[in-house]
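Colleague: This is the content of start-v2.txt (compact mmCIF, C-alpha atoms and all ligand atoms):
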```
# COMPACT_ATOMS: atom_id res chain seq x y z
CA MET A 1 100.62 86.66 105.87
CA LYS A 2 100.05 90.39 106.33
CA ASN A 3 96.46 91.50 105.86
CA PRO A 4 95.90 93.22 102.51
CA SER A 5 95.56 97.01 102.74
CA ILE A 6 92.78 99.35 101.69
CA ARG A 7 94.03 100.48 98.29
CA GLY A 8 93.55 104.08 97.28
CA LEU A 9 93.24 105.76 100.68
CA GLU A 10 96.02 107.51 102.59
CA PRO A 11 97.30 106.04 104.84
CA GLU A 12 96.83 102.54 103.36
CA VAL A 13 95.73 100.80 106.57
CA PRO A 14 95.45 96.99 106.63
CA ILE A 15 91.95 95.56 106.27
CA HIS A 16 90.69 94.65 109.74
CA THR A 17 87.18 93.10 109.83
CA ILE A 18 84.90 92.59 106.82
CA PHE A 19 81.25 93.05 107.80
CA CYS A 20 78.54 92.25 105.27
CA ILE A 21 74.86 93.07 105.08
CA GLY A 22 72.38 90.63 103.53
CA ARG A 23 69.01 91.45 101.93
CA ASN A 24 69.47 95.22 102.00
CA TYR A 25 67.52 95.76 98.77
CA ALA A 26 63.88 94.67 98.65
CA GLU A 27 63.98 93.51 95.00
CA HIS A 28 66.99 91.28 95.69
CA ALA A 29 65.34 89.78 98.78
CA ARG A 30 62.30 89.02 96.57
CA GLU A 31 64.32 87.45 93.74
CA LEU A 32 65.72 84.91 96.24
CA LYS A 33 62.27 84.50 97.82
CA ASN A 34 63.43 85.86 101.18
CA GLU A 35 61.39 87.97 103.58
CA ILE A 36 62.09 91.70 103.65
CA PRO A 37 64.09 92.16 106.89
CA THR A 38 63.02 94.61 109.60
CA THR A 39 66.57 94.89 110.99
CA PRO A 40 69.87 94.51 109.07
CA VAL A 41 71.04 90.93 108.34
CA ILE A 42 74.71 90.86 109.41
CA PHE A 43 77.50 88.37 108.63
CA SER A 44 81.23 88.60 107.99
CA LYS A 45 83.93 87.32 105.63
CA PRO A 46 87.52 86.36 106.46
CA VAL A 47 90.19 88.80 105.23
CA THR A 48 91.55 85.99 103.01
CA THR A 49 88.56 86.61 100.69
CA VAL A 50 90.06 89.89 99.44
CA ILE A 51 91.39 90.22 95.90
CA TYR A 52 91.81 93.32 93.73
CA ASP A 53 91.36 94.53 90.19
CA GLY A 54 93.14 92.23 87.76
CA ASP A 55 93.10 89.20 90.08
CA SER A 56 91.04 86.01 89.61
CA VAL A 57 88.04 84.62 91.46
CA ILE A 58 88.66 80.91 92.07
CA LEU A 59 85.52 78.76 92.04
CA PRO A 60 85.65 76.40 95.04
CA PRO A 61 85.28 72.67 94.28
CA GLN A 62 82.45 72.38 96.84
CA SER A 63 80.09 74.55 94.77
CA SER A 64 78.53 74.36 91.31
CA ASN A 65 76.57 77.63 91.55
CA VAL A 66 78.66 80.69 92.42
CA HIS A 67 76.89 84.07 92.10
CA HIS A 68 78.12 87.67 91.86
CA GLU A 69 76.60 90.28 94.20
CA VAL A 70 77.89 93.77 93.40
CA GLU A 71 77.89 96.10 96.39
CA LEU A 72 78.92 99.49 97.71
CA VAL A 73 81.77 98.90 100.18
CA VAL A 74 82.36 101.36 103.02
CA ALA A 75 85.80 101.75 104.65
CA ILE A 76 85.81 102.85 108.30
CA GLY A 77 88.46 105.42 109.22
CA ARG A 78 87.96 105.98 112.97
CA GLU A 79 87.40 103.82 116.01
CA GLY A 80 83.88 103.99 117.40
CA LYS A 81 81.27 102.26 119.52
CA ASN A 82 77.55 103.07 119.91
CA ILE A 83 77.78 105.63 117.11
CA PRO A 84 74.61 107.70 116.70
CA LYS A 85 73.14 107.69 113.18
CA GLY A 86 73.66 111.46 112.93
CA ASP A 87 77.43 111.09 113.44
CA ALA A 88 77.90 107.86 111.45
CA LEU A 89 79.16 109.32 108.17
CA LYS A 90 82.04 111.05 110.05
CA TYR A 91 83.48 107.54 110.55
CA VAL A 92 83.68 106.80 106.81
CA ALA A 93 87.15 107.04 105.26
CA GLY A 94 86.08 106.04 101.77
CA TYR A 95 84.05 103.94 99.39
CA ALA A 96 84.71 101.30 96.74
CA VAL A 97 82.91 98.82 94.56
CA GLY A 98 83.10 95.24 95.79
CA ILE A 99 81.61 91.86 94.92
CA ASP A 100 80.19 89.60 97.60
CA MET A 101 80.84 86.31 95.79
CA THR A 102 78.40 83.69 97.05
CA ALA A 103 78.19 79.92 96.63
CA ARG A 104 74.41 79.96 96.29
CA ASP A 105 73.95 76.18 96.42
CA ILE A 106 75.88 75.97 99.70
CA GLN A 107 74.04 79.00 101.09
CA ASP A 108 70.62 77.50 100.23
CA LYS A 109 71.45 74.34 102.17
CA LEU A 110 72.74 76.34 105.16
CA LYS A 111 69.65 78.60 105.11
CA ASP A 112 67.32 75.59 105.09
CA LYS A 113 69.00 74.31 108.25
CA GLY A 114 69.23 77.74 109.93
CA LYS A 115 73.03 77.56 109.88
CA PRO A 116 75.53 80.46 109.48
CA TRP A 117 76.51 81.48 105.93
CA GLU A 118 80.31 81.62 106.23
CA LEU A 119 80.97 78.51 104.13
CA ALA A 120 78.98 80.07 101.27
CA LYS A 121 80.53 83.53 101.59
CA GLY A 122 84.04 83.06 102.90
CA ALA A 123 86.03 81.12 100.30
CA ASP A 124 89.42 82.49 99.23
CA THR A 125 89.01 85.21 96.53
CA PHE A 126 85.31 85.77 97.37
CA ALA A 127 85.65 89.53 98.02
CA PRO A 128 86.98 91.33 94.91
CA LEU A 129 87.52 95.03 95.66
CA GLY A 130 87.99 98.06 93.46
CA ASN A 131 90.14 101.08 94.29
CA PHE A 132 88.84 103.13 97.23
CA ILE A 133 87.86 106.76 96.79
CA THR A 134 87.71 109.21 99.70
CA ALA A 135 84.46 110.00 101.46
CA GLU A 136 84.79 113.60 100.21
CA GLN A 137 84.51 112.35 96.61
CA ILE A 138 80.96 111.13 97.29
CA ASP A 139 78.38 113.89 97.76
CA ASP A 140 75.57 111.63 98.88
CA PRO A 141 76.02 107.94 99.82
CA THR A 142 72.26 107.41 99.36
CA ALA A 143 72.52 108.19 95.63
CA ILE A 144 75.39 106.10 94.26
CA ASP A 145 74.97 104.11 91.04
CA ILE A 146 76.15 100.47 91.04
CA VAL A 147 76.76 98.40 87.89
CA LEU A 148 78.07 94.90 87.17
CA SER A 149 78.57 93.16 83.86
CA VAL A 150 79.69 89.66 82.90
CA ASN A 151 81.50 89.29 79.56
CA GLY A 152 80.33 92.78 78.63
CA GLU A 153 76.63 92.15 79.32
CA ILE A 154 75.05 94.16 82.17
CA ARG A 155 73.58 91.87 84.83
CA GLN A 156 73.11 94.26 87.78
CA LYS A 157 72.33 97.98 87.67
CA GLY A 158 71.11 99.68 90.82
CA THR A 159 71.33 102.65 93.13
CA THR A 160 72.02 102.91 96.83
CA ALA A 161 68.81 104.97 97.00
CA ASP A 162 67.02 101.59 97.12
CA MET A 163 68.80 100.35 100.27
CA LEU A 164 66.42 99.29 103.05
CA PHE A 165 69.03 100.38 105.63
CA PRO A 166 71.30 103.20 104.39
CA VAL A 167 75.00 103.55 105.23
CA ASP A 168 74.49 105.75 108.33
CA VAL A 169 72.02 103.26 109.83
CA LEU A 170 74.33 100.30 109.07
CA ILE A 171 77.30 101.97 110.80
CA SER A 172 75.17 102.88 113.82
CA VAL A 173 73.67 99.39 114.18
CA LEU A 174 77.00 97.57 113.66
CA SER A 175 78.67 99.81 116.25
CA ASP A 176 76.02 98.91 118.82
CA TYR A 177 77.36 95.32 118.67
CA PHE A 178 81.00 95.72 117.64
CA THR A 179 83.72 98.31 118.20
CA LEU A 180 84.47 99.60 114.71
CA HIS A 181 88.14 100.13 113.79
CA PRO A 182 90.08 101.88 111.04
CA GLY A 183 90.43 99.24 108.33
CA ASP A 184 86.99 97.72 108.84
CA LEU A 185 84.95 97.26 105.68
CA ILE A 186 81.19 97.02 105.28
CA PHE A 187 79.71 95.28 102.22
CA THR A 188 76.31 96.97 102.17
CA GLY A 189 74.16 94.48 100.23
CA THR A 190 73.33 93.90 96.58
CA PRO A 191 70.60 95.11 94.24
CA GLU A 192 68.68 92.56 92.14
CA GLY A 193 70.13 90.70 89.15
CA VAL A 194 72.50 88.26 90.87
CA SER A 195 73.46 85.35 88.62
CA LYS A 196 75.82 82.45 88.15
CA VAL A 197 79.38 82.81 86.84
CA VAL A 198 81.50 80.06 85.31
CA ALA A 199 85.20 79.57 84.64
CA GLY A 200 86.34 81.82 81.80
CA ASP A 201 83.92 84.65 82.62
CA ARG A 202 85.16 88.20 83.03
CA ILE A 203 83.35 90.30 85.66
CA GLU A 204 83.51 94.09 85.56
CA ALA A 205 81.92 96.31 88.19
CA SER A 206 81.84 99.96 89.17
CA ILE A 207 80.22 102.55 91.41
CA ALA A 208 79.83 106.32 91.18
CA LEU A 209 80.12 106.52 87.38
CA GLY A 210 83.33 104.50 87.40
CA LYS A 211 85.20 106.39 90.14
CA SER A 212 85.79 102.97 91.69
CA ARG A 213 85.95 100.00 89.34
CA LEU A 214 87.27 96.47 89.12
CA SER A 215 87.70 93.71 86.60
CA VAL A 216 88.35 90.08 87.57
CA ASN A 217 88.46 86.78 85.74
CA VAL A 218 86.74 83.64 86.97
CA THR A 219 88.80 80.42 87.10
CA ARG A 220 88.58 76.91 88.53
MG MG B 1 75.72 90.31 99.50
```
As structure tokens, how would this structure be written, given the file I've shared?
Modeller:
Amino acid sequence: MKNPSIRGLEPEVPIHTIFCIGRNYAEHARELKNEIPTTPVIFSKPVTTVIYDGDSVILPPQSSNVHHEVELVVAIGREGKNIPKGDALKYVAGYAVGIDMTARDIQDKLKDKGKPWELAKGADTFAPLGNFITAEQIDDPTAIDIVLSVNGEIRQKGTTADMLFPVDVLISVLSDYFTLHPGDLIFTGTPEGVSKVVAGDRIEASIALGKSRLSVNVTR
């Protein structure tokens, strides 16, 4: 299988690595009774998690409590390592809305045992993405609105102004550990309001007043 591409940007490069940040909004860390981190919490998802607008999230049989986490997603456009914070935004090709689908019951068990989160975060279809918009279409990545609704009812409404670690810091820190490549994505964490979805639900999400949006159904 060919990796899915980053839809909306030219050229449409294949998605390379999907990095994710946990607990990047204080109110969300509190709602799950987690400590506020002093450095970014980093994990990743397999590329097989990616779906797009109009596709379906498939609930895995191993979980009975799958949550939505709406997030700003950053697409990297240039290779870089040890990127200083002051240069970090030059590496951004674009932005999109994305949902970090999470099997919360599996994650809670893994967290209790100090184990990695991949089984809770990495199921097929667990990374719905909206269309990407270019970096130039976003004036200020620290002031982007984020909204998610389920069956027409708003469940999450936030702003990237509330991030504990903003986009430039995330790129700089990630690049200290990993060489970043064109096609890498960063899910930057979710504001508060995460909740369970069930088969039959319709999830809609957007950032930047709808410049990037997605709509997916939830199925078994
Ligand atoms: Mg998340």
Colleague: Using only C-alpha atoms and all ligand atoms, which protein or nucleic acid residues are at most 9 Å from ligand MG 1 (chain B), as a list in words?
Modeller: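 Listed by chain and ascending number, the contacts are Cys20, Ile21, Gly22, Arg23, Asn24, His68, Glu69, Val70, Glu71, Ile99, Asp100, Met101, Thr102, Lys121, Phe187, Thr188, Gly189, Thr190 and Pro191 of chain A.
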Colleague: If you keep C-alpha atoms, can you produce a file of those selected residues as an mmCIF file, in the coordinates of the input?
Modeller:
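Listing of out-v1.cif after writing:
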```cif
data_model
loop_
_atom_site.group_PDB
_atom_site.id
_atom_site.type_symbol
_atom_site.label_atom_id
_atom_site.label_comp_id
_atom_site.auth_asym_id
_atom_site.auth_seq_id
_atom_site.Cartn_x
_atom_site.Cartn_y
_atom_site.Cartn_z
ATOM 1 C CA CYS A 20 78.540 92.250 105.270
ATOM 2 C CA ILE A 21 74.860 93.070 105.080
ATOM 3 C CA GLY A 22 72.380 90.630 103.530
ATOM 4 C CA ARG A 23 69.010 91.450 101.930
ATOM 5 C CA ASN A 24 69.470 95.220 102.000
ATOM 6 C CA HIS A 68 78.120 87.670 91.860
ATOM 7 C CA GLU A 69 76.600 90.280 94.200
ATOM 8 C CA VAL A 70 77.890 93.770 93.400
ATOM 9 C CA GLU A 71 77.890 96.100 96.390
ATOM 10 C CA ILE A 99 81.610 91.860 94.920
ATOM 11 C CA ASP A 100 80.190 89.600 97.600
ATOM 12 C CA MET A 101 80.840 86.310 95.790
ATOM 13 C CA THR A 102 78.400 83.690 97.050
ATOM 14 C CA LYS A 121 80.530 83.530 101.590
ATOM 15 C CA PHE A 187 79.710 95.280 102.220
ATOM 16 C CA THR A 188 76.310 96.970 102.170
ATOM 17 C CA GLY A 189 74.160 94.480 100.230
ATOM 18 C CA THR A 190 73.330 93.900 96.580
ATOM 19 C CA PRO A 191 70.600 95.110 94.240
#
```
Colleague: Compile a residue-level contact table for segment 74-174 of chain A against segment 193-196 of chain A at a cut-off of 9 Å, reporting for every qualifying residue the shortest atom pair and its distance in Å to one decimal, with all atoms listed in the file counted, rows ordered by chain and ascending number, as CSV.
Modeller:
```
residue,atom,partner,partner_atom,distance
A:Arg104,CA,A:Lys196,CA,8.6
A:Arg155,CA,A:Gly193,CA,5.7
A:Gln156,CA,A:Gly193,CA,4.8
A:Lys157,CA,A:Gly193,CA,7.7
```
Colleague: Record the distance separating atom CA of Pro84 of chain A and atom CA of Leu174 of chain A, expressed in Å with one decimal.
Modeller: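 Atom CA of Leu174 of chain A lies at a distance of 10.8 Å from atom CA of Pro84 of chain A.
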Colleague: Identify, on the basis of all atoms listed in the file, every residue whose closest approach to Val218 of chain A does not exceed 6 Å; exclude the query and any residue fewer than 6 positions from it along the same chain; express the result as a list in words.
Modeller: Ser56, Val57, Ala199, Gly200 and Asp201 of chain A
Colleague: Given the selection you just returned, output its residues as a file containing C-alpha atoms, formatted as a short mmCIF file (atom, residue, chain, number, x, y, z; two decimals), in the coordinates of the input.
Modeller:
```cif
data_model
loop_
_atom_site.label_atom_id
_atom_site.label_comp_id
_atom_site.auth_asym_id
_atom_site.auth_seq_id
_atom_site.Cartn_x
_atom_site.Cartn_y
_atom_site.Cartn_z
CA SER A 56 91.04 86.01 89.61
CA VAL A 57 88.04 84.62 91.46
CA ALA A 199 85.20 79.57 84.64
CA GLY A 200 86.34 81.82 81.80
CA ASP A 201 83.92 84.65 82.62
#
```
Colleague: What's around segment 125-137 of chain A at 8 Å? Count all atoms listed in the file, leave out sequence neighbours fewer than 5 positions away in its own chain, and write the answer as a short mmCIF file (atom, residue, chain, number, x, y, z; two decimals) with C-alpha atoms, in the frame of the given file.
Modeller:
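What landed in out.cif:
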```cif
data_model
loop_
_atom_site.label_atom_id
_atom_site.label_comp_id
_atom_site.auth_asym_id
_atom_site.auth_seq_id
_atom_site.Cartn_x
_atom_site.Cartn_y
_atom_site.Cartn_z
CA ILE A 6 92.78 99.35 101.69
CA ARG A 7 94.03 100.48 98.29
CA GLY A 8 93.55 104.08 97.28
CA LEU A 9 93.24 105.76 100.68
CA THR A 48 91.55 85.99 103.01
CA THR A 49 88.56 86.61 100.69
CA VAL A 50 90.06 89.89 99.44
CA ILE A 51 91.39 90.22 95.90
CA TYR A 52 91.81 93.32 93.73
CA ASP A 53 91.36 94.53 90.19
CA SER A 56 91.04 86.01 89.61
CA VAL A 57 88.04 84.62 91.46
CA ILE A 58 88.66 80.91 92.07
CA VAL A 92 83.68 106.80 106.81
CA ALA A 93 87.15 107.04 105.26
CA GLY A 94 86.08 106.04 101.77
CA TYR A 95 84.05 103.94 99.39
CA ALA A 96 84.71 101.30 96.74
CA VAL A 97 82.91 98.82 94.56
CA GLY A 98 83.10 95.24 95.79
CA ILE A 99 81.61 91.86 94.92
CA ASP A 100 80.19 89.60 97.60
CA MET A 101 80.84 86.31 95.79
CA THR A 102 78.40 83.69 97.05
CA SER A 206 81.84 99.96 89.17
CA LYS A 211 85.20 106.39 90.14
CA SER A 212 85.79 102.97 91.69
CA ARG A 213 85.95 100.00 89.34
CA LEU A 214 87.27 96.47 89.12
CA VAL A 216 88.35 90.08 87.57
#
```
Colleague: Could you give me, as a tab-separated table (two decimals) with C-alpha atoms, keeping the file's coordinate frame, the residues within 10 Å of segment 15-18 of chain A, counting all atoms listed in the file and dropping anything in the same chain fewer than 4 positions from it?
Modeller:
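Output file around00.tsv follows:
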```
chain	number	residue	atom	x	y	z
A	2	LYS	CA	100.05	90.39	106.33
A	3	ASN	CA	96.46	91.50	105.86
A	4	PRO	CA	95.90	93.22	102.51
A	5	SER	CA	95.56	97.01	102.74
A	6	ILE	CA	92.78	99.35	101.69
A	7	ARG	CA	94.03	100.48	98.29
A	43	PHE	CA	77.50	88.37	108.63
A	44	SER	CA	81.23	88.60	107.99
A	45	LYS	CA	83.93	87.32	105.63
A	46	PRO	CA	87.52	86.36	106.46
A	47	VAL	CA	90.19	88.80	105.23
A	49	THR	CA	88.56	86.61	100.69
A	50	VAL	CA	90.06	89.89	99.44
A	73	VAL	CA	81.77	98.90	100.18
A	74	VAL	CA	82.36	101.36	103.02
A	75	ALA	CA	85.80	101.75	104.65
A	76	ILE	CA	85.81	102.85	108.30
A	127	ALA	CA	85.65	89.53	98.02
A	180	LEU	CA	84.47	99.60	114.71
A	181	HIS	CA	88.14	100.13	113.79
A	182	PRO	CA	90.08	101.88	111.04
A	183	GLY	CA	90.43	99.24	108.33
A	184	ASP	CA	86.99	97.72	108.84
A	185	LEU	CA	84.95	97.26	105.68
A	186	ILE	CA	81.19	97.02	105.28
A	187	PHE	CA	79.71	95.28	102.22
```
Colleague: Can you measure atom CA of Phe19 of chain A to atom CA of Met163 of chain A for me? One decimal in Å is fine.
Modeller: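 Separation between atom CA of Phe19 of chain A and atom CA of Met163 of chain A: 16.3 Å.
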Colleague: Provide the atom CA of Glu204 of chain A to atom CA of Glu153 of chain A distance in Å, to one decimal place.
Modeller: 9.5 Å
Colleague: Within 9 Å of Gln107 of chain A, counting only C-alpha atoms, which residues show up once you throw out same-chain ones fewer than 6 positions away? Write them as a list in words, please.
Modeller: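 After dropping sequence-adjacent residues, the list is Lys115, Pro116, Trp117, Glu118, Leu119, Ala120 and Lys121 of chain A.
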Colleague: Using only C-alpha atoms, which protein or nucleic acid residues come within 10 Å of Val169 of chain A? Drop anything in the same chain fewer than 5 positions from it, and give the result as a PyMOL selection string.
Modeller: chain A and resi 40+83-86+88-89+164+174-175
Colleague: Go ahead and save the picked residues with C-alpha atoms, as a PDB file, keeping the file's coordinate frame.
Modeller:
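For reference, selection_30.pdb as written:
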```pdb
ATOM      1  CA  PRO A  40      69.870  94.510 109.070  1.00  0.00           C
ATOM      2  CA  ILE A  83      77.780 105.630 117.110  1.00  0.00           C
ATOM      3  CA  PRO A  84      74.610 107.700 116.700  1.00  0.00           C
ATOM      4  CA  LYS A  85      73.140 107.690 113.180  1.00  0.00           C
ATOM      5  CA  GLY A  86      73.660 111.460 112.930  1.00  0.00           C
ATOM      6  CA  ALA A  88      77.900 107.860 111.450  1.00  0.00           C
ATOM      7  CA  LEU A  89      79.160 109.320 108.170  1.00  0.00           C
ATOM      8  CA  LEU A 164      66.420  99.290 103.050  1.00  0.00           C
ATOM      9  CA  LEU A 174      77.000  97.570 113.660  1.00  0.00           C
ATOM     10  CA  SER A 175      78.670  99.810 116.250  1.00  0.00           C
TER      11      SER A 175
END
```
Colleague: Between A:Lys81, A:Asp112, A:Ile171, A:Gln62, which residue has the minimum interatomic distance to Asn34 of chain A, considering all atoms listed in the file?
Modeller: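 That would be A:Asp112, the residue with the smallest distance to Asn34 of chain A.
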Colleague: Using all atoms listed in the file, pick whichever of A:Ala103, A:Ala205, A:Leu59, A:Ile42 has the shortest atom-to-atom distance to Ile154 of chain A.
Modeller: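 Of A:Ala103, A:Ala205, A:Leu59, A:Ile42, the one nearest Ile154 of chain A, counting all atoms listed in the file, is A:Ala205.
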Colleague: Return the single residue from A:Ile203, A:Val13, A:Ala29, A:Ala161 that is closest to His67 of chain A, with distances computed using only C-alpha atoms.
Modeller: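 Once distances to His67 of chain A are computed over only C-alpha atoms, the minimum belongs to A:Ile203.
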